[in-house]
Amino acid sequence: MSALRVVQVGAGGMGRAWLATVAADPEVELVGVVDLDLDAARAGAAHAGDPTLPVGTDLTALAAETGAEAVLDITVPVAHHPVTMQALRAGLPVLGEKPAAQTVAEALSLAAAAEVTGKLFMVSQSRRHNDQLVAFRQHVRGLGGVGGLSTRFAKAPHFGGFREEMDDVLLLDMAIHAFDSARYVLERDPVSVYCESWNPSWSWYRGDAAAAAVFTFEDDVRYVYDGSWCAPGAETSWNGDWRASGAAGTALWDGDHDPSSDLDGVPGTPGSAPSVGHEIAGALTSFVRAVRSGTAPDGEVHGNVMSLTMVDAAIASARSGRRVVIDEVLEQAHADALAAERDDEVRERLASWSSVRHALGTSVVAPG
């Protein structure tokens, strides 16, 4: 089977990581690079190993010119909605960087657009592609019914640039990985959250770089997130440090090594699970498989919206000082999406959703 022909939009820092990943994957052929800055697009083509690759500033035109079969949206969050919408309307499946969009309302718009066009939109929630996380879920399944899950995250990166000027930098830019993984591990969705965020006196970030949140999940399960991006010394892994408690014991994962579980003094020995690959390379493999098979992958937009909603709900709670109900956030986002939508068919599809939570349970798969 021939390689999947893709155009990549975005050739900045993260874009270069994707270009290298695409170049290393024999199942994918990069046929063009799009960027608002043509010099960046040309540099991206050279970084991918072929400076003669077609480049441009217009996605629709370059995709048609090159015979692209799919689009990689590796732009900044504010561009995710327009770029992905353009690709879907051009009849092309999309693999995009997280978050799905800048807001939950825009993510709902893209979910509706995927339904209208029948094309796959998958979000690369890259840290789900980790075999140790898969193994941790296997251990959690052996706890005889989980009652609580917690993540402790402590790092002290000096990024420079836009992150250090962001509002709610930890919750917006990093916590979504843990929130998404919590949904994966618990195999449940969130119901409500109470969150506090703050910025320690020594922080080099303008926005809040620390947060603590307690989510109530379905079946009255609790998920506790305790994180900081300005915590020098004794740092956790980038995946955080995880603990799950259940009726039969406890499961542990430090984010860097194989997880374990203690079933009342007896080590847990759960069954193995298929590999999901590693980070963005794993996401790319999953996307190609989905496009070719028509199966819905992890990260399909309908399933991914809830992880972004957890972020918005946590921020709303931190700002208001009250417990926030997830469905209230979803319904407000739905109203905002309807008010902002300019595509008649997408607006009609959004209006047909009697329940946002129910609508998000319907994945759109790629054509076979």
# chains A, B, ... in the order shown; residues from 1 in each chain; ligands from 1
>>> closest_atom_pairs(of="range 83-160 of chain A", to="range 8-26 of chain A", cutoff="10 Å", atoms="only C-alpha atoms", output="tab-separated table")
residue	atom	partner	partner_atom	distance
A:Val83	CA	A:Val9	CA	8.0
A:Thr84	CA	A:Val9	CA	9.7
A:Val94	CA	A:Gln8	CA	9.9
A:Leu95	CA	A:Gln8	CA	9.5
A:Gly96	CA	A:Val9	CA	9.5
A:Glu97	CA	A:Met14	CA	9.0
>>> write_last_selection(atoms="all heavy atoms", output="tab-separated table (two decimals), in the first residue's frame")
chain	number	residue	atom	x	y	z
A	83	VAL	N	-7.86	26.50	10.38
A	83	VAL	CA	-7.10	25.57	9.54
A	83	VAL	C	-7.81	24.22	9.43
A	83	VAL	O	-7.96	23.67	8.33
A	83	VAL	CB	-5.67	25.39	10.10
A	83	VAL	CG1	-4.95	24.23	9.40
A	83	VAL	CG2	-4.87	26.68	9.94
A	84	THR	N	-8.26	23.68	10.56
A	84	THR	CA	-8.93	22.38	10.52
A	84	THR	C	-10.25	22.47	9.77
A	84	THR	O	-10.60	21.57	9.00
A	84	THR	CB	-9.15	21.85	11.95
A	84	THR	OG1	-7.88	21.68	12.58
A	84	THR	CG2	-9.88	20.51	11.94
A	94	VAL	N	-7.96	15.19	9.15
A	94	VAL	CA	-6.97	16.05	9.81
A	94	VAL	C	-6.46	15.40	11.08
A	94	VAL	O	-7.23	14.86	11.88
A	94	VAL	CB	-7.60	17.41	10.19
A	94	VAL	CG1	-6.57	18.32	10.87
A	94	VAL	CG2	-8.19	18.10	8.97
A	95	LEU	N	-5.13	15.48	11.26
A	95	LEU	CA	-4.49	15.18	12.55
A	95	LEU	C	-3.94	16.49	13.06
A	95	LEU	O	-3.10	17.13	12.39
A	95	LEU	CB	-3.37	14.16	12.38
A	95	LEU	CG	-2.50	13.89	13.62
A	95	LEU	CD1	-3.33	13.34	14.77
A	95	LEU	CD2	-1.36	12.92	13.28
A	96	GLY	N	-4.43	16.95	14.22
A	96	GLY	CA	-4.01	18.24	14.73
A	96	GLY	C	-3.34	18.15	16.08
A	96	GLY	O	-3.61	17.24	16.86
A	97	GLU	N	-2.49	19.12	16.37
A	97	GLU	CA	-1.87	19.22	17.69
A	97	GLU	C	-2.92	19.61	18.72
A	97	GLU	O	-3.91	20.26	18.42
A	97	GLU	CB	-0.75	20.26	17.68
A	97	GLU	CG	0.64	19.69	17.60
A	97	GLU	CD	1.03	18.88	18.84
A	97	GLU	OE1	0.46	19.11	19.92
A	97	GLU	OE2	1.90	18.02	18.72
>>> closest_residue(among="A:Ala244, A:Ala105, A:Ala63, A:Val28", to="Glu341 in chain A", atoms="only C-alpha atoms")
A:Ala105
>>> residues_around(residues="range 174-180 of chain A", least_positions_apart="2", cutoff="9 Å", atoms="only C-alpha atoms", output="PyMOL selection string")
chain A and resi 98-99+125-128+151+153+169-172+182-185+223+225+227+229+239-240+304+306-308+310-311
>>> residues_around(residues="Glu328 in chain A", least_positions_apart="4", cutoff="10 Å", atoms="only C-alpha atoms", output="VMD selection string")
chain A and resid 191 to 192 313 324 332 to 334
>>> write_last_selection(atoms="N, CA, C and O atoms", output="PDB file, in the first residue's frame")
ATOM      1  N   VAL A 191     -17.638  14.973  36.048  1.00  0.00           N
ATOM      2  CA  VAL A 191     -18.951  15.546  36.358  1.00  0.00           C
ATOM      3  C   VAL A 191     -18.807  16.983  36.860  1.00  0.00           C
ATOM      4  O   VAL A 191     -19.584  17.866  36.479  1.00  0.00           O
ATOM      5  N   SER A 192     -17.812  17.243  37.711  1.00  0.00           N
ATOM      6  CA  SER A 192     -17.634  18.586  38.278  1.00  0.00           C
ATOM      7  C   SER A 192     -16.198  18.751  38.743  1.00  0.00           C
ATOM      8  O   SER A 192     -15.434  17.781  38.831  1.00  0.00           O
ATOM      9  N   ALA A 313     -13.218  24.146  32.679  1.00  0.00           N
ATOM     10  CA  ALA A 313     -13.965  24.078  33.934  1.00  0.00           C
ATOM     11  C   ALA A 313     -13.055  24.370  35.124  1.00  0.00           C
ATOM     12  O   ALA A 313     -13.458  25.062  36.079  1.00  0.00           O
ATOM     13  N   VAL A 324     -17.586  23.887  39.809  1.00  0.00           N
ATOM     14  CA  VAL A 324     -18.148  24.077  38.474  1.00  0.00           C
ATOM     15  C   VAL A 324     -18.610  22.730  37.923  1.00  0.00           C
ATOM     16  O   VAL A 324     -17.871  21.743  37.969  1.00  0.00           O
ATOM     17  N   GLN A 332     -22.838  26.051  27.877  1.00  0.00           N
ATOM     18  CA  GLN A 332     -22.464  27.423  27.544  1.00  0.00           C
ATOM     19  C   GLN A 332     -21.609  27.449  26.280  1.00  0.00           C
ATOM     20  O   GLN A 332     -21.777  28.325  25.417  1.00  0.00           O
ATOM     21  N   ALA A 333     -20.685  26.498  26.167  1.00  0.00           N
ATOM     22  CA  ALA A 333     -19.846  26.419  24.971  1.00  0.00           C
ATOM     23  C   ALA A 333     -20.698  26.140  23.734  1.00  0.00           C
ATOM     24  O   ALA A 333     -20.438  26.678  22.642  1.00  0.00           O
ATOM     25  N   HIS A 334     -21.721  25.299  23.887  1.00  0.00           N
ATOM     26  CA  HIS A 334     -22.628  25.000  22.777  1.00  0.00           C
ATOM     27  C   HIS A 334     -23.355  26.267  22.337  1.00  0.00           C
ATOM     28  O   HIS A 334     -23.462  26.555  21.130  1.00  0.00           O
TER      29      HIS A 334
END
>>> closest_atom_pairs(of="range 88-186 of chain A", to="range 263-274 of chain A", cutoff="12 Å", atoms="only C-alpha atoms", output="CSV")
residue,atom,partner,partner_atom,distance
A:His129,CA,A:Pro274,CA,11.3
A:Asn130,CA,A:Pro274,CA,10.9
A:Asp131,CA,A:Pro274,CA,8.2
A:Gln132,CA,A:Ala273,CA,10.3
A:Leu133,CA,A:Ala273,CA,10.7
A:Val134,CA,A:Ala273,CA,7.1
A:Ala135,CA,A:Ser272,CA,7.0
A:Phe136,CA,A:Pro270,CA,9.3
A:Arg137,CA,A:Pro270,CA,9.4
A:Gln138,CA,A:Pro270,CA,5.8
A:His139,CA,A:Pro270,CA,5.7
A:Val140,CA,A:Pro270,CA,9.0
A:Arg141,CA,A:Pro270,CA,8.2
A:Gly142,CA,A:Pro270,CA,6.7
A:Leu143,CA,A:Leu263,CA,7.2
A:Gly144,CA,A:Leu263,CA,9.5
>>> residues_around(residues="Ala318 in chain A", least_positions_apart="4", cutoff="12 Å", atoms="only C-alpha atoms", output="list in words")
Asp168, Leu171, Val193, Tyr194, Cys195, Glu196, Ser197, Trp198, Asp208, Ala210, Ala211, Ala212, Ala213, Val214, Val311, Asp312, Ala313, Ala314, Arg322, Arg323 and Val324 of chain A
>>> select_by_dssp(residues="range 136-195 of chain A", states="helix (DSSP H, G or I)", output="list in words")
Phe136, Arg137, Gln138, His139, Val140, Arg141, Gly161, Phe162, Arg163, Glu164, Glu165, Val169, Leu170, Leu171, Leu172, Asp173, Ala175, Ile176, His177, Ala178, Phe179, Asp180, Ser181, Ala182, Arg183, Tyr184, Val185 and Leu186 of chain A
>>> closest_residue(among="A:Leu88, A:Ala231, A:Ala337, A:Trp238", to="Asp254 in chain A", atoms="only C-alpha atoms")
A:Trp238
